[in-house]
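To be precise, the following lines are upload06.txt, and they hold compact mmCIF, C-alpha atoms.
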```txt
# COMPACT_ATOMS: atom_id res chain seq x y z
CA MET A 61 70.10 -14.70 12.68
CA SER A 62 67.65 -11.80 12.44
CA ALA A 63 65.32 -13.32 9.86
CA GLY A 64 62.62 -12.88 12.49
CA GLU A 65 62.87 -9.12 12.14
CA SER A 66 63.28 -9.02 8.38
CA SER A 67 60.70 -11.65 7.49
CA PRO A 68 58.06 -10.62 4.99
CA ARG A 69 55.08 -8.79 6.46
CA ARG A 70 52.56 -7.78 3.88
CA ARG A 71 48.90 -7.06 3.98
CA PRO A 72 46.71 -10.12 3.69
CA GLY A 73 44.81 -10.47 0.45
CA GLY A 74 46.09 -9.92 -3.04
CA ARG A 75 48.63 -12.09 -4.79
CA THR A 76 51.35 -11.51 -2.20
CA GLY A 77 49.04 -12.52 0.63
CA ARG A 78 47.87 -15.61 -1.25
CA ILE A 79 51.43 -16.74 -1.90
CA ARG A 80 52.35 -16.25 1.74
CA ALA A 81 49.31 -18.27 2.84
CA GLN A 82 50.16 -21.07 0.39
CA VAL A 83 53.79 -21.16 1.50
CA LEU A 84 52.99 -21.15 5.23
CA ASP A 85 50.36 -23.86 4.76
CA ALA A 86 53.06 -25.90 3.05
CA VAL A 87 55.52 -25.23 5.90
CA ARG A 88 52.96 -26.48 8.43
CA ALA A 89 52.24 -29.59 6.39
CA GLU A 90 55.91 -30.40 5.76
CA LEU A 91 56.83 -29.78 9.39
CA GLY A 92 53.99 -31.96 10.63
CA GLU A 93 54.77 -34.82 8.27
CA ARG A 94 58.54 -34.69 8.07
CA GLY A 95 59.72 -32.66 11.05
CA PHE A 96 62.47 -30.06 11.13
CA ASP A 97 65.00 -32.31 9.40
CA GLY A 98 62.66 -32.80 6.44
CA LEU A 99 61.97 -29.09 6.01
CA SER A 100 63.54 -27.46 2.93
CA LEU A 101 62.80 -24.45 0.78
CA ASP A 102 62.60 -26.66 -2.30
CA GLY A 103 60.12 -29.02 -0.63
CA VAL A 104 57.99 -26.14 0.60
CA ALA A 105 58.03 -24.46 -2.83
CA ALA A 106 56.99 -27.67 -4.55
CA ARG A 107 54.22 -28.39 -2.09
CA ALA A 108 52.94 -24.82 -2.20
CA GLY A 109 53.05 -24.71 -5.99
CA VAL A 110 55.11 -21.53 -5.79
CA HIS A 111 58.25 -20.84 -7.79
CA ARG A 112 61.45 -21.75 -5.95
CA ALA A 113 63.01 -18.38 -6.71
CA THR A 114 60.10 -16.62 -5.00
CA VAL A 115 60.50 -18.69 -1.86
CA TYR A 116 64.27 -18.22 -1.74
CA ARG A 117 63.98 -14.47 -2.33
CA ARG A 118 61.29 -13.78 0.25
CA TRP A 119 62.12 -16.28 3.01
CA ARG A 120 65.83 -16.94 2.34
CA ASP A 121 66.19 -20.06 4.53
CA VAL A 122 64.37 -22.48 6.81
CA GLY A 123 64.81 -20.06 9.71
CA GLY A 124 63.03 -17.37 7.70
CA LEU A 125 60.14 -19.72 6.97
CA LEU A 126 59.80 -20.64 10.64
CA ALA A 127 60.01 -17.03 11.80
CA ASP A 128 57.25 -16.05 9.40
CA LEU A 129 55.13 -19.03 10.40
CA PHE A 130 55.29 -17.95 14.03
CA ALA A 131 54.56 -14.35 13.07
CA ALA A 132 51.51 -15.45 11.08
CA THR A 133 50.30 -17.64 13.92
CA GLY A 134 50.46 -14.66 16.26
CA GLU A 135 48.36 -12.62 13.83
CA ASP A 136 45.26 -14.77 14.20
CA ASP A 137 42.17 -13.66 16.10
CA TRP A 138 42.17 -16.47 18.67
CA GLN A 139 40.67 -15.58 22.04
CA PRO A 140 40.21 -17.73 25.13
CA GLN A 141 36.66 -18.94 25.71
CA ASP A 142 34.45 -17.10 28.22
CA THR A 143 32.56 -19.87 30.02
CA GLY A 144 31.51 -17.92 33.07
CA SER A 145 33.93 -19.44 35.58
CA LEU A 146 37.67 -19.62 36.10
CA LEU A 147 37.61 -23.40 36.13
CA GLY A 148 35.54 -23.53 32.95
CA ASP A 149 37.82 -21.08 31.17
CA LEU A 150 40.99 -22.97 32.15
CA VAL A 151 39.51 -26.35 31.27
CA ALA A 152 38.52 -25.01 27.84
CA LEU A 153 42.03 -23.61 27.36
CA ASN A 154 43.67 -26.85 28.42
CA ARG A 155 41.42 -28.93 26.18
CA GLU A 156 42.52 -26.80 23.25
CA ASN A 157 46.15 -27.30 24.28
CA VAL A 158 45.77 -31.06 24.68
CA ALA A 159 44.03 -31.30 21.30
CA ALA A 160 46.79 -29.27 19.60
CA LEU A 161 49.54 -31.39 21.18
CA THR A 162 47.96 -34.77 20.47
CA GLU A 163 46.54 -34.32 16.95
CA GLN A 164 48.43 -36.28 14.32
CA PRO A 165 50.55 -34.71 13.10
CA SER A 166 50.82 -32.04 15.78
CA ILE A 167 52.08 -28.77 14.35
CA ALA A 168 52.35 -27.39 17.88
CA ALA A 169 54.62 -30.25 18.96
CA ALA A 170 56.65 -29.90 15.75
CA LEU A 171 57.16 -26.18 16.38
CA ILE A 172 58.34 -26.85 19.93
CA ALA A 173 60.73 -29.51 18.62
CA ALA A 174 61.99 -27.06 15.99
CA SER A 175 62.75 -24.56 18.77
CA PHE A 176 65.55 -26.91 19.88
CA ARG A 177 67.06 -26.75 16.38
CA SER A 178 66.77 -23.16 15.26
CA GLU A 179 67.29 -19.81 16.94
CA GLU A 180 64.48 -18.33 14.87
CA ALA A 181 62.13 -21.06 16.03
CA ALA A 182 63.20 -20.59 19.66
CA ARG A 183 62.50 -16.87 19.44
CA GLY A 184 59.24 -17.56 17.64
CA VAL A 185 58.03 -20.00 20.29
CA ARG A 186 58.84 -17.57 23.08
CA ARG A 187 57.12 -14.63 21.36
CA LEU A 188 54.07 -16.66 20.48
CA TRP A 189 53.75 -17.91 24.05
CA GLU A 190 54.13 -14.38 25.44
CA GLU A 191 51.46 -13.21 23.06
CA ARG A 192 49.11 -16.05 24.03
CA TYR A 193 49.65 -15.49 27.76
CA ALA A 194 48.83 -11.81 27.24
CA ARG A 195 45.57 -12.71 25.50
CA CYS A 196 44.71 -15.14 28.30
CA GLU A 197 45.14 -12.60 31.08
CA VAL A 198 41.49 -11.67 30.60
CA ILE A 199 40.61 -15.08 32.07
CA VAL A 200 42.15 -13.99 35.36
CA GLU A 201 40.73 -10.48 35.17
CA ARG A 202 37.24 -11.96 34.84
CA ALA A 203 37.89 -14.30 37.78
CA VAL A 204 39.01 -11.38 39.94
CA ALA A 205 35.93 -9.38 38.90
CA ARG A 206 33.69 -12.33 39.87
CA GLY A 207 35.46 -12.60 43.21
CA GLU A 208 36.72 -16.12 42.47
CA VAL A 209 40.35 -15.21 43.19
CA PRO A 210 41.91 -12.37 45.20
CA ALA A 211 42.66 -9.02 43.60
CA GLY A 212 46.35 -8.88 42.78
CA THR A 213 46.45 -12.48 41.53
CA ASP A 214 49.40 -12.84 39.16
CA ALA A 215 47.78 -13.85 35.86
CA ARG A 216 50.96 -15.19 34.31
CA ARG A 217 51.84 -17.42 37.25
CA LEU A 218 48.30 -18.75 37.40
CA LEU A 219 48.31 -19.49 33.64
CA VAL A 220 51.69 -21.20 33.81
CA ALA A 221 50.52 -23.36 36.73
CA ALA A 222 47.36 -24.31 34.84
CA THR A 223 49.06 -25.22 31.56
CA ALA A 224 52.66 -26.29 32.34
CA PRO A 225 51.74 -29.84 33.44
CA LEU A 226 50.29 -30.55 29.98
CA TYR A 227 53.46 -29.53 28.21
CA HIS A 228 55.57 -31.34 30.78
CA LEU A 229 53.75 -34.64 30.39
CA LEU A 230 52.91 -34.53 26.68
CA VAL A 231 55.97 -32.78 25.23
CA LEU A 232 58.91 -33.40 27.58
CA LEU A 233 57.92 -36.80 28.98
CA ARG A 234 56.06 -37.80 25.77
CA MET A 235 53.33 -39.51 27.74
CA PRO A 236 49.95 -40.27 26.21
CA ALA A 237 47.19 -37.85 27.30
CA GLU A 238 45.43 -39.50 30.21
CA PRO A 239 41.73 -38.79 30.66
CA GLY A 240 41.23 -35.84 32.96
CA LEU A 241 44.63 -34.27 32.27
CA ALA A 242 43.18 -30.97 31.05
CA GLU A 243 40.65 -30.85 33.88
CA ASP A 244 43.05 -31.88 36.67
CA ALA A 245 45.65 -29.26 35.79
CA ALA A 246 42.98 -26.57 35.55
CA ARG A 247 41.41 -27.59 38.86
CA THR A 248 44.77 -27.57 40.66
CA ALA A 249 45.44 -24.03 39.49
CA VAL A 250 41.96 -22.90 40.58
CA VAL A 251 42.38 -24.41 44.04
CA ALA A 252 45.76 -22.74 44.46
CA ALA A 253 44.52 -19.42 43.06
CA SER A 254 41.43 -19.41 45.29
CA ALA A 255 43.70 -19.92 48.29
CA GLY A 256 45.74 -16.89 47.23
CA ALA A 257 48.80 -18.78 45.98
CA PHE A 258 49.36 -16.32 43.13
CA ALA A 259 48.56 -13.12 45.02
CA GLY A 260 50.86 -10.94 47.05
CA GLY A 261 54.20 -12.24 45.84
CA SER A 262 56.34 -14.52 47.97
CA ARG A 263 55.03 -15.09 51.41
CA ASP A 264 55.13 -17.75 54.06
CA ALA A 265 52.73 -20.58 53.52
CA ASP A 266 50.63 -20.83 56.62
CA GLY A 267 47.43 -22.71 57.19
CA MET B 931 66.91 -48.47 17.54
CA SER B 932 67.23 -50.70 20.57
CA ALA B 933 70.64 -49.54 21.68
CA GLY B 934 68.97 -48.59 24.94
CA GLU B 935 68.41 -52.23 25.76
CA SER B 936 71.74 -53.52 24.49
CA SER B 937 73.95 -50.78 25.86
CA PRO B 938 76.89 -51.89 27.95
CA ARG B 939 76.09 -52.57 31.58
CA ARG B 940 79.08 -53.70 33.53
CA ARG B 941 80.01 -53.59 37.15
CA PRO B 942 81.66 -50.38 38.23
CA GLY B 943 85.33 -50.61 39.05
CA GLY B 944 88.02 -52.33 37.11
CA ARG B 945 89.26 -51.32 33.69
CA THR B 946 85.86 -51.68 32.01
CA GLY B 947 84.21 -49.48 34.62
CA ARG B 948 86.97 -46.89 34.35
CA ILE B 949 86.64 -46.72 30.58
CA ARG B 950 82.89 -46.36 30.83
CA ALA B 951 83.27 -43.52 33.35
CA GLN B 952 85.82 -41.75 31.15
CA VAL B 953 83.65 -42.10 28.05
CA LEU B 954 80.47 -40.92 29.77
CA ASP B 955 82.29 -37.95 31.30
CA ALA B 956 83.42 -37.07 27.79
CA VAL B 957 79.86 -37.41 26.46
CA ARG B 958 78.60 -35.01 29.14
CA ALA B 959 81.36 -32.51 28.40
CA GLU B 960 80.91 -32.68 24.62
CA LEU B 961 77.14 -32.43 24.91
CA GLY B 962 77.35 -29.46 27.24
CA GLU B 963 79.87 -27.60 25.09
CA ARG B 964 78.80 -28.54 21.60
CA GLY B 965 75.26 -29.86 21.84
CA PHE B 966 73.77 -32.84 20.06
CA ASP B 967 75.01 -31.75 16.64
CA GLY B 968 78.58 -31.63 17.89
CA LEU B 969 78.47 -35.07 19.46
CA SER B 970 80.47 -37.77 17.66
CA LEU B 971 82.06 -41.05 18.62
CA ASP B 972 85.44 -39.79 17.38
CA GLY B 973 85.17 -36.60 19.45
CA VAL B 974 84.14 -38.54 22.54
CA ALA B 975 86.95 -41.08 22.09
CA ALA B 976 89.54 -38.33 21.68
CA ARG B 977 88.29 -36.41 24.70
CA ALA B 978 88.10 -39.54 26.85
CA GLY B 979 91.54 -40.72 25.78
CA VAL B 980 90.03 -44.06 24.82
CA HIS B 981 90.72 -45.90 21.58
CA ARG B 982 88.17 -45.18 18.84
CA ALA B 983 87.67 -48.87 18.16
CA THR B 984 86.68 -49.46 21.78
CA VAL B 985 84.07 -46.71 21.67
CA TYR B 986 82.65 -47.90 18.34
CA ARG B 987 82.53 -51.53 19.49
CA ARG B 988 80.85 -50.91 22.86
CA TRP B 989 78.56 -47.98 22.11
CA ARG B 990 78.12 -48.30 18.33
CA ASP B 991 76.62 -44.84 17.70
CA VAL B 992 75.60 -41.55 19.30
CA GLY B 993 72.28 -43.09 20.33
CA GLY B 994 74.15 -45.81 22.20
CA LEU B 995 76.25 -43.23 24.02
CA LEU B 996 73.16 -41.27 25.02
CA ALA B 997 71.28 -44.37 26.15
CA ASP B 998 74.18 -45.40 28.35
CA LEU B 999 74.56 -41.88 29.73
CA PHE B 1000 70.92 -41.92 30.84
CA ALA B 1001 71.31 -45.42 32.26
CA ALA B 1002 74.36 -44.32 34.25
CA THR B 1003 72.57 -41.20 35.50
CA GLY B 1004 69.75 -43.38 36.80
CA GLU B 1005 72.26 -45.56 38.67
CA ASP B 1006 73.35 -42.82 41.05
CA ASP B 1007 72.34 -42.68 44.70
CA TRP B 1008 70.56 -39.34 44.59
CA GLN B 1009 67.76 -38.94 47.11
CA PRO B 1010 65.49 -35.97 47.75
CA GLN B 1011 66.34 -33.94 50.84
CA ASP B 1012 64.36 -34.50 54.03
CA THR B 1013 63.87 -31.03 55.47
CA GLY B 1014 60.98 -31.79 57.80
CA SER B 1015 58.20 -30.15 55.78
CA LEU B 1016 56.56 -30.63 52.39
CA LEU B 1017 57.32 -27.05 51.40
CA GLY B 1018 60.94 -27.39 52.46
CA ASP B 1019 61.36 -30.66 50.57
CA LEU B 1020 59.83 -29.26 47.37
CA VAL B 1021 61.80 -26.03 47.56
CA ALA B 1022 65.02 -28.04 47.97
CA LEU B 1023 64.05 -30.21 44.98
CA ASN B 1024 63.21 -27.20 42.84
CA ARG B 1025 66.42 -25.41 43.77
CA GLU B 1026 68.36 -28.45 42.57
CA ASN B 1027 66.35 -28.44 39.34
CA VAL B 1028 66.87 -24.72 38.75
CA ALA B 1029 70.60 -25.09 39.41
CA ALA B 1030 70.86 -28.02 36.98
CA LEU B 1031 68.95 -26.17 34.27
CA THR B 1032 70.81 -22.87 34.60
CA GLU B 1033 74.42 -23.97 35.12
CA GLN B 1034 76.66 -23.24 32.14
CA PRO B 1035 76.79 -25.49 30.29
CA SER B 1036 73.67 -27.31 31.49
CA ILE B 1037 73.90 -31.04 30.87
CA ALA B 1038 70.26 -31.40 31.93
CA ALA B 1039 69.12 -28.89 29.31
CA ALA B 1040 71.37 -30.52 26.69
CA LEU B 1041 69.86 -33.94 27.42
CA ILE B 1042 66.33 -32.57 27.06
CA ALA B 1043 67.31 -30.92 23.78
CA ALA B 1044 68.82 -34.21 22.61
CA SER B 1045 65.51 -35.94 23.34
CA PHE B 1046 64.06 -34.01 20.39
CA ARG B 1047 66.76 -35.45 18.12
CA SER B 1048 67.18 -39.05 19.09
CA GLU B 1049 64.76 -41.82 19.99
CA GLU B 1050 67.27 -43.22 22.47
CA ALA B 1051 67.51 -39.86 24.19
CA ALA B 1052 63.72 -39.49 24.25
CA ARG B 1053 63.39 -42.91 25.88
CA GLY B 1054 66.24 -42.09 28.23
CA VAL B 1055 64.68 -38.82 29.37
CA ARG B 1056 61.35 -40.50 30.01
CA ARG B 1057 62.89 -43.37 31.98
CA LEU B 1058 65.09 -41.10 34.02
CA TRP B 1059 62.15 -38.86 34.88
CA GLU B 1060 60.03 -41.86 35.86
CA GLU B 1061 62.84 -43.06 38.05
CA ARG B 1062 63.29 -39.65 39.67
CA TYR B 1063 59.56 -39.26 40.31
CA ALA B 1064 59.54 -42.67 41.96
CA ARG B 1065 62.39 -41.66 44.27
CA CYS B 1066 60.58 -38.41 45.11
CA GLU B 1067 57.35 -40.12 46.14
CA VAL B 1068 58.79 -40.38 49.65
CA ILE B 1069 58.40 -36.60 49.91
CA VAL B 1070 54.64 -37.00 49.62
CA GLU B 1071 54.56 -40.07 51.87
CA ARG B 1072 56.28 -38.07 54.60
CA ALA B 1073 53.84 -35.17 54.12
CA VAL B 1074 50.88 -37.56 54.44
CA ALA B 1075 52.42 -39.08 57.59
CA ARG B 1076 52.85 -35.60 59.09
CA GLY B 1077 49.25 -34.75 58.24
CA GLU B 1078 50.25 -31.92 55.90
CA VAL B 1079 48.22 -33.30 53.01
CA PRO B 1080 45.29 -35.72 52.85
CA ALA B 1081 45.81 -39.46 52.68
CA GLY B 1082 45.37 -40.59 49.08
CA THR B 1083 47.24 -37.58 47.70
CA ASP B 1084 48.56 -38.51 44.24
CA ALA B 1085 52.34 -38.16 44.59
CA ARG B 1086 53.00 -37.99 40.88
CA ARG B 1087 50.47 -35.25 40.22
CA LEU B 1088 51.76 -33.23 43.15
CA LEU B 1089 55.37 -33.60 41.99
CA VAL B 1090 54.50 -32.62 38.41
CA ALA B 1091 52.61 -29.56 39.64
CA ALA B 1092 55.57 -28.55 41.80
CA THR B 1093 58.24 -28.96 39.13
CA ALA B 1094 56.58 -28.47 35.71
CA PRO B 1095 56.58 -24.64 35.85
CA LEU B 1096 60.39 -24.65 36.11
CA TYR B 1097 60.82 -26.76 32.99
CA HIS B 1098 58.13 -24.78 31.20
CA LEU B 1099 59.75 -21.41 31.86
CA LEU B 1100 63.43 -22.37 31.70
CA VAL B 1101 63.42 -25.04 28.98
CA LEU B 1102 60.44 -24.41 26.71
CA LEU B 1103 60.16 -20.62 27.03
CA ARG B 1104 63.93 -20.20 27.62
CA MET B 1105 63.32 -17.48 30.19
CA PRO B 1106 65.98 -16.51 32.71
CA ALA B 1107 65.37 -17.91 36.21
CA GLU B 1108 63.58 -15.20 38.14
CA PRO B 1109 64.22 -14.99 41.88
CA GLY B 1110 61.64 -17.01 43.77
CA LEU B 1111 60.87 -19.36 40.89
CA ALA B 1112 61.79 -22.50 42.83
CA GLU B 1113 59.95 -21.32 45.94
CA ASP B 1114 56.82 -20.06 44.17
CA ALA B 1115 56.26 -23.28 42.25
CA ALA B 1116 56.78 -25.34 45.40
CA ARG B 1117 54.43 -23.15 47.42
CA THR B 1118 51.70 -23.34 44.79
CA ALA B 1119 51.83 -27.12 44.86
CA VAL B 1120 51.71 -27.16 48.66
CA VAL B 1121 48.69 -24.85 48.77
CA ALA B 1122 46.88 -27.00 46.21
CA ALA B 1123 47.87 -30.25 47.93
CA SER B 1124 46.82 -28.99 51.37
CA ALA B 1125 43.40 -28.15 49.91
CA GLY B 1126 43.12 -31.70 48.59
CA ALA B 1127 43.66 -30.89 44.92
CA PHE B 1128 45.60 -34.12 44.33
CA ALA B 1129 43.46 -36.41 46.46
CA GLY B 1130 40.34 -38.26 45.51
CA GLY B 1131 40.55 -37.78 41.76
CA SER B 1132 41.30 -41.35 40.79
CA ARG B 1133 40.49 -43.50 43.77
CA ASP B 1134 43.16 -45.86 44.96
CA ALA B 1135 42.52 -48.81 47.24
CA ASP B 1136 45.08 -47.65 49.80
CA GLY B 1137 43.52 -45.53 52.44
```

Just give me the structure as structure tokens.
Amino acid sequence: MSAGESSPRRRPGGRTGRIRAQVLDAVRAELGERGFDGLSLDGVAARAGVHRATVYRRWRDVGGLLADLFAATGEDDWQPQDTGSLLGDLVALNRENVAALTEQPSIAAALIAASFRSEEAARGVRRLWEERYARCEVIVERAVARGEVPAGTDARRLLVAATAPLYHLLVLLRMPAEPGLAEDAARTAVVAASAGAFAGGSRDADG
Amino acid sequence: MSAGESSPRRRPGGRTGRIRAQVLDAVRAELGERGFDGLSLDGVAARAGVHRATVYRRWRDVGGLLADLFAATGEDDWQPQDTGSLLGDLVALNRENVAALTEQPSIAAALIAASFRSEEAARGVRRLWEERYARCEVIVERAVARGEVPAGTDARRLLVAATAPLYHLLVLLRMPAEPGLAEDAARTAVVAASAGAFAGGSRDADG
């Protein structure tokens, strides 16, 4: 159950780093093509061209592979785009999200699906999302600095409002991505944020 | 694969209706307690006190049970509350959603989880959501009639904006329900809707 804490963490580079990269690439590919049910240590080892014993020793089980995949994903240097406006930044973010959820196969969708099968994957999804929201807070800080939204705007609530409709429609309802989805959700959040919907905690809505 | 279309649909009442009700109650209970992996026709038959052969003949497999459970859920007479204001209506709706997603065990959460395991469940979730959104459109119609939001406001987009954050936080991120979650998400949607965020995007002929 705690494979997430004991998963291998080694410096990138060198033979150990190369093997980890090969194995995690294979996990992504297997997950995308075959889904959680098709994921096995033997299949990953074969695809990665790494000895089975190595994979079993370092990652132990499918949960260990998933935990390390999430950890590695959180170690990247992704940053939200800085387009010069809140709307532009949120549209750019949402376009990246829509692209990740609709590519074939979608690793992002496969990881979310896996989170309903494995405790490690559920923890991994939550941590990765927390980490991504933290990196995206700068979008709201910039908007406050530009005077686009009130000081005290809750970055997390604004980011959830801007992005949740995509996940709702594409992942939970499994709808196709309609044109304008990324832009509409971003624009809604900007309108609400500009009107102070995410500032000052709960308050009465008055005109 | 098409158990959804061929699942038993019989008039309520009578012996057939009673057996269906018993079986579907047992499916809900098993799903809530044991999840998708614990769901079996034998377990459902035993719990329902219905002969195994009957369950196998009418529902055929777990997918058939799930498809019929969704169909039955869509046959209820649920209607959104009419509180006299858009905010009140959306808060009431969101409080029902939060309650359904956080009760222990949560059948709603179990059905969403099952939708990542079974094509029948995925279709069932989508249909049920479509059906629920259609019933909730009256909330937006009333708000337009009261002049709270502009004519031409897209009911579906407003409803998704109001409800998606709950599913995002409670189902995908598996966060606990923070106080004010139902109210905040409703208020955000009202602020955006009042500012016209859901009107005029894709022009309808009505107006």

Report as a Markdown table: every residue of chain A with an atom at most 8 Å from chain B, its closest pair of atoms, and their distance in Å to one decimal, counting only C-alpha atoms, with rows sorted by chain and ascending residue number.
```
| residue | atom | partner | partner_atom | distance |
| --- | --- | --- | --- | --- |
| A:Ile172 | CA | B:Leu1102 | CA | 7.5 |
| A:Ala173 | CA | B:Phe1046 | CA | 5.9 |
| A:Phe176 | CA | B:Ala1043 | CA | 5.9 |
| A:Ala182 | CA | B:Leu1103 | CA | 8.0 |
| A:Val185 | CA | B:Leu1103 | CA | 7.1 |
| A:Arg186 | CA | B:Leu1103 | CA | 5.2 |
| A:Trp189 | CA | B:Leu1103 | CA | 7.6 |
| A:Val220 | CA | B:Pro1095 | CA | 6.3 |
| A:Ala221 | CA | B:Pro1095 | CA | 6.3 |
| A:Ala224 | CA | B:Pro1095 | CA | 5.5 |
| A:Pro225 | CA | B:Ala1094 | CA | 5.5 |
| A:Tyr227 | CA | B:His1098 | CA | 7.3 |
| A:His228 | CA | B:Ala1094 | CA | 5.8 |
| A:Leu232 | CA | B:Ile1042 | CA | 7.5 |
| A:Leu233 | CA | B:Arg1056 | CA | 5.1 |
| A:Arg234 | CA | B:Arg1056 | CA | 7.3 |
| A:Ala245 | CA | B:Ala1091 | CA | 8.0 |
| A:Arg247 | CA | B:Ala1127 | CA | 7.3 |
| A:Thr248 | CA | B:Ala1127 | CA | 5.5 |
| A:Ala249 | CA | B:Ala1122 | CA | 7.5 |
| A:Val251 | CA | B:Ala1122 | CA | 5.6 |
| A:Ala252 | CA | B:Ala1122 | CA | 4.7 |
| A:Ala255 | CA | B:Val1121 | CA | 7.0 |
| A:Ala257 | CA | B:Thr1118 | CA | 5.5 |
| A:Phe258 | CA | B:Thr1118 | CA | 7.6 |
| A:Ser262 | CA | B:Asp1114 | CA | 6.7 |
| A:Ala265 | CA | B:Arg1117 | CA | 6.8 |
```

*Report the distance between CA of Arg977 in chain B and CA of Glu963 in chain B in Å, rounded to one decimal place.*
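Answer for the CA of Arg977 in chain B to CA of Glu963 in chain B separation: 12.2 Å.
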
Would you kindly return, as a compact mmCIF listing (two decimals) with C-alpha atoms, in the frame of the given file, each protein, DNA or RNA residue with an atom no farther than 10 Å from any atom of range 142-144 of chain A, considering only C-alpha atoms and excluding same-chain residues fewer than 4 positions away?
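Result went into result_28.txt, see below:
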```txt
# COMPACT_ATOMS: atom_id res chain seq x y z
CA GLY A 148 35.54 -23.53 32.95
CA ASP A 149 37.82 -21.08 31.17
CA LEU A 150 40.99 -22.97 32.15
CA VAL A 151 39.51 -26.35 31.27
CA ALA A 152 38.52 -25.01 27.84
CA VAL A 198 41.49 -11.67 30.60
CA ILE A 199 40.61 -15.08 32.07
CA ARG A 202 37.24 -11.96 34.84
CA ALA A 203 37.89 -14.30 37.78
CA ARG A 206 33.69 -12.33 39.87
```

*Please provide as an NGL selection string all residues within 12 Å of Val104 in chain A, with the sequence filter that same-chain residues fewer than 4 positions apart are discarded (counting all atoms listed in the file).*
:A and (79-91 or 94 or 98-100 or 108-116 or 119 or 121-122 or 125-126)

Residues as selected, C-alpha atoms, written as an mmCIF file, keeping the file's coordinate frame, can you do that?
```
data_model
loop_
_atom_site.group_PDB
_atom_site.id
_atom_site.type_symbol
_atom_site.label_atom_id
_atom_site.label_comp_id
_atom_site.auth_asym_id
_atom_site.auth_seq_id
_atom_site.Cartn_x
_atom_site.Cartn_y
_atom_site.Cartn_z
ATOM 1 C CA ILE A 79 51.430 -16.740 -1.900
ATOM 2 C CA ARG A 80 52.350 -16.250 1.740
ATOM 3 C CA ALA A 81 49.310 -18.270 2.840
ATOM 4 C CA GLN A 82 50.160 -21.070 0.390
ATOM 5 C CA VAL A 83 53.790 -21.160 1.500
ATOM 6 C CA LEU A 84 52.990 -21.150 5.230
ATOM 7 C CA ASP A 85 50.360 -23.860 4.760
ATOM 8 C CA ALA A 86 53.060 -25.900 3.050
ATOM 9 C CA VAL A 87 55.520 -25.230 5.900
ATOM 10 C CA ARG A 88 52.960 -26.480 8.430
ATOM 11 C CA ALA A 89 52.240 -29.590 6.390
ATOM 12 C CA GLU A 90 55.910 -30.400 5.760
ATOM 13 C CA LEU A 91 56.830 -29.780 9.390
ATOM 14 C CA ARG A 94 58.540 -34.690 8.070
ATOM 15 C CA GLY A 98 62.660 -32.800 6.440
ATOM 16 C CA LEU A 99 61.970 -29.090 6.010
ATOM 17 C CA SER A 100 63.540 -27.460 2.930
ATOM 18 C CA ALA A 108 52.940 -24.820 -2.200
ATOM 19 C CA GLY A 109 53.050 -24.710 -5.990
ATOM 20 C CA VAL A 110 55.110 -21.530 -5.790
ATOM 21 C CA HIS A 111 58.250 -20.840 -7.790
ATOM 22 C CA ARG A 112 61.450 -21.750 -5.950
ATOM 23 C CA ALA A 113 63.010 -18.380 -6.710
ATOM 24 C CA THR A 114 60.100 -16.620 -5.000
ATOM 25 C CA VAL A 115 60.500 -18.690 -1.860
ATOM 26 C CA TYR A 116 64.270 -18.220 -1.740
ATOM 27 C CA TRP A 119 62.120 -16.280 3.010
ATOM 28 C CA ASP A 121 66.190 -20.060 4.530
ATOM 29 C CA VAL A 122 64.370 -22.480 6.810
ATOM 30 C CA LEU A 125 60.140 -19.720 6.970
ATOM 31 C CA LEU A 126 59.800 -20.640 10.640
#
```

*Selected residue, from A:Glu156, A:Glu238, A:Leu146, A:Glu163, that lies nearest to Leu219 in chain A when counting all atoms listed in the file*: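 The closest residue to Leu219 in chain A is A:Leu146.
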
*Would you please work out which residue, of B:Gly1004, B:Gly1077, B:Gly1082, B:Gly962, is nearest to Ala1039 in chain B when using all atoms listed in the file?*
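With all atoms listed in the file as the atom set, the closest residue is B:Gly962.
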
*Tell me, as an MDAnalysis selection string, which residues lie within 9 Å of Cys196 in chain A, counting only C-alpha atoms; anything in the same chain fewer than 6 positions away does not count.*
chainID A and resid 139:140 153 215:216 219
